[in-house]
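*Asks:* One structure, pasted below without further comment.
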Amino acid sequence: MALTHQLLAWLGKVFGKKKLNILIYHQVVAQHDVMRPSEPAAKVFDWQMQLVAKYCTPMSLSDAIQALKSDALPANAICVTFDDGYLNNLTVAEPILRKHGVPATVYVATGYSSGSNMFNDRILDLIGDTKRSQFNLSAVGLGEQVVDSNTSRIRLAHKVIGKVKYLHFHQRNEVVDQVYADNKADEKPHRMMTPAQIQELAHKGVEIGAHTQDHPILKSLDVAEQVQQIKVSKQTLEAMLGRPIRHFAYPNGKLNDDYSDDTVGIIEDLGFETAVSTHWGISTKSSDFFQMKRFTPWDTSPIKFHLRMMLNQLRGEQ
């Protein structure tokens with residue numbers, strides 16, 4: 001197995017010269033979460049970061065950008081990023097990152113640092129409650145729904161998420177509030193970092209970036225609302241941390257579906273140095289640094305994980 005990894009690392013050096021892989025995560029859960037099967041558990045993230053540290057060149061995003069611009073990016077360069085600002089980025093992921101010497105960037109949706117959970121987590125938590133098998137989903141036009149397995153719970157939860165995801169964020173919150181009221185459901189414990197926890201994560205050396213205030217679909221907002229969402233997020237974090245916020249991640253992250261060329265212009269005007277999307281691929285010196293691509297292989301074995309990272313380098317910018 002070690003020989004295979006060494007071969008893949010060598011291939012990365014040959015075919016991935018001056019190409020930056022940016023990995024995207026959201027959460028690292030302590031134990032496998034049935035309702036969030038794509039979120040790696042701690043033991044999985046541990047071997048992923050061990051692999052990254054041994055066979056790649058992990059870098060902070062700021063260092064990688066400087067190296068790209070100066071044409072000095074090392075072979076198999078890789079950055080690790082997280083979106084949204086989950087508490088488990090601090091409690092679960094950060095100790096693993098520190099153990100393996102892997103830098104990271106966490107993009108924070110600041111509106112959730114005051115105590116509320118994100119709309120998608122609220123839906124997953126409600127429908128994932130095994131004490132319930134029947135749900136009143138009239139607020140999203142689905143009427144009464146019954147689940148009888150983990151698979152049906154996941155399927156129903158994502159159907160509801162799809163119903164509300166592209167609503168204006170105010171309406172989205174109101175609809176999810178109504179779903180909770182209709183089901184007489186209590187809110188689950190806070191999943192997001194508080195300002196003090198964000199400060200603690202930054203103090204531990206994790207770079208903090210902005211991710212809007214309320215995680216809206218930016219393209220659905222007018223320009224003034226987009227500016228407000230992005231600017232407030234940036235200013236809140238700068239006041240919290242006492243340092244410039246240089247990096248941004250687009251919520252959802254697909255050009256034309258989730259953000260527009262207007263959004264890219266706003267990011268530049270507000271003084272960010274980079275912004276990342278969720279389009280797959282790599283970044284080079286000639287990339288648009290305000291629409292950098294990201295990728296994460298969700299394979300369950302180290303060989304497949306490493307192979308797919310190397311293949312992503314071959315994909316290029318596209």
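Each chain in the structure tokens gets a letter, A, B and so on, in the order shown; residues start at 1 in every chain, and ligands are counted from 1 in the order they appear.
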Write down as an MDAnalysis selection string the residues belonging to range 109-295 of chain A that are assigned helix (DSSP H, G or I) by DSSP computed on the backbone.

*Replies:* chainID A and resid 110:114 119:127 138:140 150:164 169:182 195:203 218:220 223:241 261:269

*Asks:* Pick the closest to Gln66 in chain A from A:Leu237, A:Ala104, A:Met35, A:Leu20: which is it, counting only C-alpha atoms?

*Replies:*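 Ranked by minimum distance to Gln66 in chain A, first place goes to A:Leu20.
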
*Asks:* Quick one: residues within 10 Å of Tyr166 in chain A, only C-alpha atoms, excluding same-chain residues fewer than 3 positions away - as a VMD selection string?

*Replies:* chain A and resid 161 to 163 169 171 to 172 216 to 220 257 to 258

*Asks:* Select, from A:Gln226, A:Thr57, A:Ser287, A:Thr300, the residue with the minimum atom-to-atom distance to Pro40 in chain A, counting only C-alpha atoms.

*Replies:*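 Using only C-alpha atoms, Pro40 in chain A sits closest to A:Thr300.
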